[in-house]
file entry20.pdb (PDB, C-alpha atoms)
ATOM      1  CA  MET A   1     -40.741 -11.754  38.396
ATOM      2  CA  GLY A   2     -39.725  -9.440  41.192
ATOM      3  CA  ASN A   3     -43.381  -8.472  41.607
ATOM      4  CA  GLN A   4     -44.357 -12.125  41.814
ATOM      5  CA  LEU A   5     -41.776 -12.743  44.529
ATOM      6  CA  GLU A   6     -42.938  -9.729  46.530
ATOM      7  CA  ALA A   7     -46.568 -10.818  46.221
ATOM      8  CA  ILE A   8     -45.776 -14.311  47.481
ATOM      9  CA  GLU A   9     -43.655 -13.031  50.375
ATOM     10  CA  HIS A  10     -46.536 -10.810  51.538
ATOM     11  CA  SER A  11     -49.214 -13.383  50.878
ATOM     12  CA  GLN A  12     -51.180 -15.085  53.640
ATOM     13  CA  TYR A  13     -50.262 -18.413  52.098
ATOM     14  CA  GLN A  14     -46.544 -18.646  51.438
ATOM     15  CA  SER A  15     -44.572 -21.415  49.801
ATOM     16  CA  ARG A  16     -40.881 -21.647  50.634
ATOM     17  CA  ASP A  17     -40.298 -23.834  47.601
ATOM     18  CA  ILE A  18     -41.804 -21.257  45.241
ATOM     19  CA  VAL A  19     -39.866 -18.404  46.860
ATOM     20  CA  LYS A  20     -36.669 -20.432  46.614
ATOM     21  CA  GLN A  21     -37.278 -21.229  42.953
ATOM     22  CA  LEU A  22     -38.074 -17.606  42.080
ATOM     23  CA  ASN A  23     -34.915 -16.399  43.836
ATOM     24  CA  LYS A  24     -32.903 -18.985  41.949
ATOM     25  CA  THR A  25     -34.444 -17.948  38.617
ATOM     26  CA  MET A  26     -33.836 -14.247  39.307
ATOM     27  CA  GLY A  27     -30.224 -15.001  40.190
ATOM     28  CA  LEU A  28     -29.782 -16.855  36.910
ATOM     29  CA  ILE A  29     -31.313 -14.004  34.912
ATOM     30  CA  GLU A  30     -29.062 -11.453  36.628
ATOM     31  CA  LYS A  31     -26.026 -13.604  35.848
ATOM     32  CA  GLN A  32     -27.053 -13.877  32.205
ATOM     33  CA  ILE A  33     -27.516 -10.098  31.980
ATOM     34  CA  ILE A  34     -24.011  -9.529  33.360
ATOM     35  CA  GLU A  35     -22.580 -12.011  30.857
ATOM     36  CA  MET A  36     -24.529 -10.413  28.007
ATOM     37  CA  VAL A  37     -23.293  -6.916  28.851
ATOM     38  CA  ALA A  38     -19.726  -8.225  29.046
ATOM     39  CA  ALA A  39     -20.111  -9.826  25.611
ATOM     40  CA  ILE A  40     -21.497  -6.567  24.183
ATOM     41  CA  GLU A  41     -18.613  -4.574  25.673
ATOM     42  CA  LYS A  42     -16.132  -7.016  24.152
ATOM     43  CA  LEU A  43     -17.791  -6.772  20.749
ATOM     44  CA  ILE A  44     -17.793  -2.965  20.827
ATOM     45  CA  SER A  45     -14.138  -2.866  21.860
ATOM     46  CA  THR A  46     -13.151  -4.804  18.718
ATOM     47  CA  ASP A  47     -14.420  -1.967  16.507
ATOM     48  CA  PRO A  48     -12.421   1.265  17.039
ATOM     49  CA  ILE A  49     -15.059   3.489  15.440
ATOM     50  CA  LEU A  50     -17.945   1.949  17.380
ATOM     51  CA  ALA A  51     -15.890   2.062  20.578
ATOM     52  CA  ALA A  52     -15.243   5.793  20.064
ATOM     53  CA  HIS A  53     -18.949   6.470  19.583
ATOM     54  CA  CYS A  54     -19.680   4.447  22.707
ATOM     55  CA  ARG A  55     -17.238   6.510  24.795
ATOM     56  CA  ASN A  56     -18.685   9.743  23.444
ATOM     57  CA  ILE A  57     -22.321   8.909  24.096
ATOM     58  CA  THR A  58     -21.967   7.022  27.383
ATOM     59  CA  ALA A  59     -20.285  10.136  28.767
ATOM     60  CA  ILE A  60     -23.892  11.195  29.385
ATOM     61  CA  LYS A  61     -24.709  10.041  32.899
ATOM     62  CA  GLY A  62     -27.455   7.445  32.698
ATOM     63  CA  ILE A  63     -26.621   6.003  29.288
ATOM     64  CA  GLY A  64     -24.599   2.838  29.759
ATOM     65  CA  THR A  65     -23.125   0.333  27.358
ATOM     66  CA  LEU A  66     -26.334  -1.662  27.044
ATOM     67  CA  SER A  67     -28.412   1.444  26.304
ATOM     68  CA  PHE A  68     -25.872   2.552  23.710
ATOM     69  CA  ALA A  69     -25.811  -0.893  22.098
ATOM     70  CA  VAL A  70     -29.601  -1.028  21.742
ATOM     71  CA  ILE A  71     -29.769   2.474  20.261
ATOM     72  CA  ALA A  72     -26.920   1.736  17.842
ATOM     73  CA  ALA A  73     -28.433  -1.590  16.774
ATOM     74  CA  GLU A  74     -32.012  -0.356  16.400
ATOM     75  CA  THR A  75     -30.970   2.695  14.345
ATOM     76  CA  ASN A  76     -28.153   0.994  12.422
ATOM     77  CA  GLY A  77     -25.797   3.644  13.744
ATOM     78  CA  PHE A  78     -28.294   6.362  12.720
ATOM     79  CA  ALA A  79     -27.421   5.588   9.090
ATOM     80  CA  LEU A  80     -31.068   5.456   8.035
ATOM     81  CA  PHE A  81     -31.937   8.955   9.216
ATOM     82  CA  LYS A  82     -31.310  12.178   7.317
ATOM     83  CA  ASN A  83     -32.633  14.411  10.086
ATOM     84  CA  VAL A  84     -33.876  14.519  13.659
ATOM     85  CA  SER A  85     -37.530  14.505  12.618
ATOM     86  CA  SER A  86     -37.292  11.083  10.985
ATOM     87  CA  LEU A  87     -35.451   9.684  14.015
ATOM     88  CA  VAL A  88     -38.016  11.040  16.482
ATOM     89  CA  SER A  89     -40.840   9.608  14.388
ATOM     90  CA  TYR A  90     -39.078   6.249  14.067
ATOM     91  CA  ALA A  91     -38.775   5.996  17.843
ATOM     92  CA  GLY A  92     -42.430   6.941  18.374
ATOM     93  CA  TYR A  93     -41.733  10.247  20.096
ATOM     94  CA  ASP A  94     -43.520  12.338  17.467
ATOM     95  CA  ILE A  95     -46.554  14.289  18.631
ATOM     96  CA  VAL A  96     -50.019  13.357  17.338
ATOM     97  CA  GLU A  97     -53.514  14.582  18.092
ATOM     98  CA  ASN A  98     -55.641  12.418  20.340
ATOM     99  CA  GLN A  99     -59.150  12.177  18.869
ATOM    100  CA  SER A 100     -60.480   9.410  21.087
ATOM    101  CA  GLY A 101     -63.480   9.853  23.385
ATOM    102  CA  ASN A 102     -63.716  13.190  25.143
ATOM    103  CA  HIS A 103     -60.053  14.096  24.532
ATOM    104  CA  VAL A 104     -60.368  15.606  21.058
ATOM    105  CA  GLY A 105     -57.599  18.110  20.414
ATOM    106  CA  ARG A 106     -55.257  16.870  23.142
ATOM    107  CA  THR A 107     -51.878  15.571  22.105
ATOM    108  CA  LYS A 108     -49.657  12.610  22.953
ATOM    109  CA  ILE A 109     -46.659  10.786  21.532
ATOM    110  CA  SER A 110     -47.601   8.367  18.788
ATOM    111  CA  LYS A 111     -45.861   5.314  20.312
ATOM    112  CA  LYS A 112     -46.134   3.729  16.853
ATOM    113  CA  GLY A 113     -42.382   3.631  16.444
ATOM    114  CA  ASN A 114     -39.627   1.464  17.858
ATOM    115  CA  SER A 115     -40.713   0.483  21.373
ATOM    116  CA  ARG A 116     -37.316  -1.069  22.142
ATOM    117  CA  ILE A 117     -35.678   2.356  21.949
ATOM    118  CA  ARG A 118     -38.299   3.912  24.220
ATOM    119  CA  ARG A 119     -37.960   1.030  26.672
ATOM    120  CA  ILE A 120     -34.158   1.177  26.870
ATOM    121  CA  LEU A 121     -34.237   4.956  27.424
ATOM    122  CA  HIS A 122     -36.612   4.733  30.397
ATOM    123  CA  MET A 123     -33.952   4.135  33.053
ATOM    124  CA  PRO A 124     -31.379   6.531  31.524
ATOM    125  CA  ALA A 125     -33.992   9.292  31.684
ATOM    126  CA  LEU A 126     -34.678   8.560  35.353
ATOM    127  CA  CYS A 127     -30.942   8.568  36.085
ATOM    128  CA  ALA A 128     -30.337  11.780  34.128
ATOM    129  CA  VAL A 129     -32.925  13.609  36.225
ATOM    130  CA  ARG A 130     -31.983  11.958  39.517
ATOM    131  CA  ASP A 131     -28.279  12.725  39.083
ATOM    132  CA  ASP A 132     -29.153  16.419  38.974
ATOM    133  CA  GLN A 133     -27.804  17.131  35.499
ATOM    134  CA  PRO A 134     -29.126  20.671  34.911
ATOM    135  CA  GLN A 135     -30.303  20.432  31.304
ATOM    136  CA  PHE A 136     -32.225  17.195  31.913
ATOM    137  CA  ARG A 137     -33.494  18.149  35.362
ATOM    138  CA  ASP A 138     -34.644  21.573  34.147
ATOM    139  CA  LEU A 139     -36.466  20.066  31.164
ATOM    140  CA  PHE A 140     -38.185  17.545  33.434
ATOM    141  CA  GLU A 141     -39.226  20.261  35.894
ATOM    142  CA  ARG A 142     -40.597  22.532  33.170
ATOM    143  CA  VAL A 143     -42.747  19.800  31.664
ATOM    144  CA  TYR A 144     -43.856  18.503  35.071
ATOM    145  CA  GLN A 145     -44.846  21.951  36.334
ATOM    146  CA  ARG A 146     -46.773  22.658  33.141
ATOM    147  CA  THR A 147     -48.595  19.329  32.897
ATOM    148  CA  GLY A 148     -48.616  17.959  36.430
ATOM    149  CA  LYS A 149     -47.481  14.581  35.054
ATOM    150  CA  LYS A 150     -44.043  13.266  35.976
ATOM    151  CA  MET A 151     -44.101  10.668  33.207
ATOM    152  CA  LYS A 152     -44.468  13.396  30.598
ATOM    153  CA  GLY A 153     -41.320  14.993  31.954
ATOM    154  CA  TYR A 154     -39.417  11.719  31.804
ATOM    155  CA  VAL A 155     -40.591  11.042  28.238
ATOM    156  CA  ALA A 156     -39.351  14.492  27.228
ATOM    157  CA  VAL A 157     -35.960  13.614  28.725
ATOM    158  CA  GLN A 158     -35.949  10.280  26.874
ATOM    159  CA  LYS A 159     -36.436  12.076  23.576
ATOM    160  CA  LYS A 160     -33.761  14.614  24.439
ATOM    161  CA  LEU A 161     -31.282  11.812  25.211
ATOM    162  CA  LEU A 162     -31.992  10.102  21.886
ATOM    163  CA  VAL A 163     -31.633  13.292  19.852
ATOM    164  CA  MET A 164     -28.476  14.223  21.724
ATOM    165  CA  ALA A 165     -26.991  10.779  20.994
ATOM    166  CA  TYR A 166     -27.824  11.338  17.311
ATOM    167  CA  HIS A 167     -25.963  14.648  17.165
ATOM    168  CA  LEU A 168     -22.979  13.345  19.141
ATOM    169  CA  TRP A 169     -22.705  10.399  16.751
ATOM    170  CA  ARG A 170     -22.978  12.572  13.657
ATOM    171  CA  ARG A 171     -20.451  15.091  14.970
ATOM    172  CA  ASN A 172     -18.210  12.365  16.381
ATOM    173  CA  GLU A 173     -17.915  14.380  19.576
ATOM    174  CA  ALA A 174     -17.962  13.479  23.254
ATOM    175  CA  TYR A 175     -20.769  14.775  25.430
ATOM    176  CA  ASN A 176     -20.158  17.822  27.573
ATOM    177  CA  PRO A 177     -22.615  19.829  29.723
ATOM    178  CA  ALA A 178     -22.414  22.795  27.344
ATOM    179  CA  PHE A 179     -23.611  20.683  24.400
ATOM    180  CA  ASP A 180     -27.242  21.649  24.945
ATOM    181  CA  LYS A 181     -26.386  25.327  24.648
ATOM    182  CA  GLU A 182     -24.650  24.794  21.327
ATOM    183  CA  ILE A 183     -27.538  23.184  19.501
ATOM    184  CA  LYS A 184     -31.294  23.635  19.551
ATOM    185  CA  ILE A 185     -32.930  20.233  19.560
ATOM    186  CA  ILE A 186     -36.260  20.417  17.730
ATOM    187  CA  THR A 187     -39.020  17.878  17.375
ATOM    188  CA  PRO A 188     -40.744  17.237  14.014
ATOM    189  CA  GLU A 189     -41.657  20.440  12.208
ATOM    190  CA  ASN A 190     -45.355  19.605  12.002
ATOM    191  CA  SER A 191     -45.656  19.112  15.750
ATOM    192  CA  GLY A 192     -44.934  22.750  16.508
ATOM    193  CA  ALA A 193     -43.069  21.766  19.643
ATOM    194  CA  THR A 194     -39.562  21.793  21.006
ATOM    195  CA  HIS A 195     -38.231  19.817  23.931
ATOM    196  CA  ASP A 196     -39.018  22.841  26.064
ATOM    197  CA  LYS A 197     -42.565  23.050  24.767
ATOM    198  CA  ILE A 198     -44.101  19.622  25.086
ATOM    199  CA  PRO A 199     -47.862  19.942  24.367
ATOM    200  CA  GLU A 200     -50.203  18.891  27.103
ATOM    201  CA  GLY A 201     -51.721  15.462  26.776
ATOM    202  CA  ASN A 202     -50.880  11.840  27.393
ATOM    203  CA  LEU A 203     -47.180  11.364  26.665
ATOM    204  CA  HIS A 204     -47.035   7.833  28.010
TER     205      HIS A 204
END

call {"tool": "encode", "arguments": {"input": "entry20.pdb", "output": "structure tokens"}}
result
Amino acid sequence: MGNQLEAIEHSQYQSRDIVKQLNKTMGLIEKQIIEMVAAIEKLISTDPILAAHCRNITAIKGIGTLSFAVIAAETNGFALFKNVSSLVSYAGYDIVENQSGNHVGRTKISKKGNSRIRRILHMPALCAVRDDQPQFRDLFERVYQRTGKKMKGYVAVQKKLLVMAYHLWRRNEAYNPAFDKEIKIITPENSGATHDKIPEGNLH
């Protein structure tokens, strides 16, 4: 909707009524989002265990209450996953070979998993890198320098955030900057890749 408004405002033929209506609609949507987040926060606060997990995981800069709520809901509090590999696969971050066209042998994420998790982690990944958090920024830079694709770096950070949330939940611990040094986060065994070794290919 924001793109539509921008297009109309820069169009040769503008309609004040349409611009007014779009602004009104966007204002309503923003109000509803604020109300929804408030309702989610209230719901989480009524459950001491869920509230503790929320505090622990949202200590990571970039992951807010809404991001936490989506991850918790879509994974059922990680109850369905025995290991990181199954979680990564479920979210569609597992690495597969691309055999289409002239790209035989190149790799990419499968994207066959839960798109809602990948979508909600998009902004947290951007924030984690932008806020200059070393472990996320360094991962992004390594992947970007190796592949020349910024999006691949951000996708690697998304996966790292999800796996980190999984371990924090399972350990019932709050995030701290040294967490990454305490645990080696590994992608599915058959991918032959770690977060620091994302294979080249289309990760988006």

call {"tool": "resolve_selection", "arguments": {"input": "entry20.pdb", "expression": "the PyMOL selection byres ((chain A and resi 110-126) around 7)", "output": "MDAnalysis selection string"}}
result
chainID A and resid 62:63 67 70:71 89:96 108:109 127:130 154 157:158

call {"tool": "write_last_selection", "arguments": {"input": "entry20.pdb", "atoms": "C-alpha atoms", "output": "PDB file, in the frame of the given file"}}
result
ATOM      1  CA  GLY A  62     -27.455   7.445  32.698  1.00  0.00           C
ATOM      2  CA  ILE A  63     -26.621   6.003  29.288  1.00  0.00           C
ATOM      3  CA  SER A  67     -28.412   1.444  26.304  1.00  0.00           C
ATOM      4  CA  VAL A  70     -29.601  -1.028  21.742  1.00  0.00           C
ATOM      5  CA  ILE A  71     -29.769   2.474  20.261  1.00  0.00           C
ATOM      6  CA  SER A  89     -40.840   9.608  14.388  1.00  0.00           C
ATOM      7  CA  TYR A  90     -39.078   6.249  14.067  1.00  0.00           C
ATOM      8  CA  ALA A  91     -38.775   5.996  17.843  1.00  0.00           C
ATOM      9  CA  GLY A  92     -42.430   6.941  18.374  1.00  0.00           C
ATOM     10  CA  TYR A  93     -41.733  10.247  20.096  1.00  0.00           C
ATOM     11  CA  ASP A  94     -43.520  12.338  17.467  1.00  0.00           C
ATOM     12  CA  ILE A  95     -46.554  14.289  18.631  1.00  0.00           C
ATOM     13  CA  VAL A  96     -50.019  13.357  17.338  1.00  0.00           C
ATOM     14  CA  LYS A 108     -49.657  12.610  22.953  1.00  0.00           C
ATOM     15  CA  ILE A 109     -46.659  10.786  21.532  1.00  0.00           C
ATOM     16  CA  CYS A 127     -30.942   8.568  36.085  1.00  0.00           C
ATOM     17  CA  ALA A 128     -30.337  11.780  34.128  1.00  0.00           C
ATOM     18  CA  VAL A 129     -32.925  13.609  36.225  1.00  0.00           C
ATOM     19  CA  ARG A 130     -31.983  11.958  39.517  1.00  0.00           C
ATOM     20  CA  TYR A 154     -39.417  11.719  31.804  1.00  0.00           C
ATOM     21  CA  VAL A 157     -35.960  13.614  28.725  1.00  0.00           C
ATOM     22  CA  GLN A 158     -35.949  10.280  26.874  1.00  0.00           C
TER      23      GLN A 158
END

call {"tool": "closest_residue", "arguments": {"input": "entry20.pdb", "among": "A:Gly148, A:Tyr166, A:Ile29, A:Gly153", "to": "Phe68 of chain A", "atoms": "all atoms listed in the file"}}
result
A:Tyr166

call {"tool": "atom_distance", "arguments": {"input": "entry20.pdb", "atom1": "atom CA of Pro134 of chain A", "atom2": "atom CA of Lys160 of chain A"}}
result
13.0 Å

call {"tool": "closest_residue", "arguments": {"input": "entry20.pdb", "among": "A:Ala39, A:Ile57, A:Ala51, A:Leu87", "to": "Arg171 of chain A", "atoms": "all atoms listed in the file"}}
result
A:Ile57

call {"tool": "axis_aligned_box", "arguments": {"input": "entry20.pdb", "around": "segment 160-179 of chain A", "padding_each_side": "5 Å", "output": "AutoDock Vina command-line options"}}
result
--center_x -25.8 --center_y 16.4 --center_z 21.7 --size_x 25.8 --size_y 22.7 --size_z 26.1

call {"tool": "closest_residue", "arguments": {"input": "entry20.pdb", "among": "A:Ala69, A:Leu139, A:Leu161, A:Ile34", "to": "Tyr175 of chain A", "atoms": "all atoms listed in the file"}}
result
A:Leu161

call {"tool": "residues_around", "arguments": {"input": "entry20.pdb", "residues": "Glu41 of chain A", "least_positions_apart": "5", "cutoff": "10 Å", "atoms": "all atoms listed in the file", "output": "list in words"}}
result
Glu35, Met36, Thr46, Ala51, Cys54, Thr65, Leu66 and Ala69 of chain A

call {"tool": "atom_distance", "arguments": {"input": "entry20.pdb", "atom1": "atom CA of Met26 of chain A", "atom2": "atom CA of Lys61 of chain A"}}
result
26.7 Å
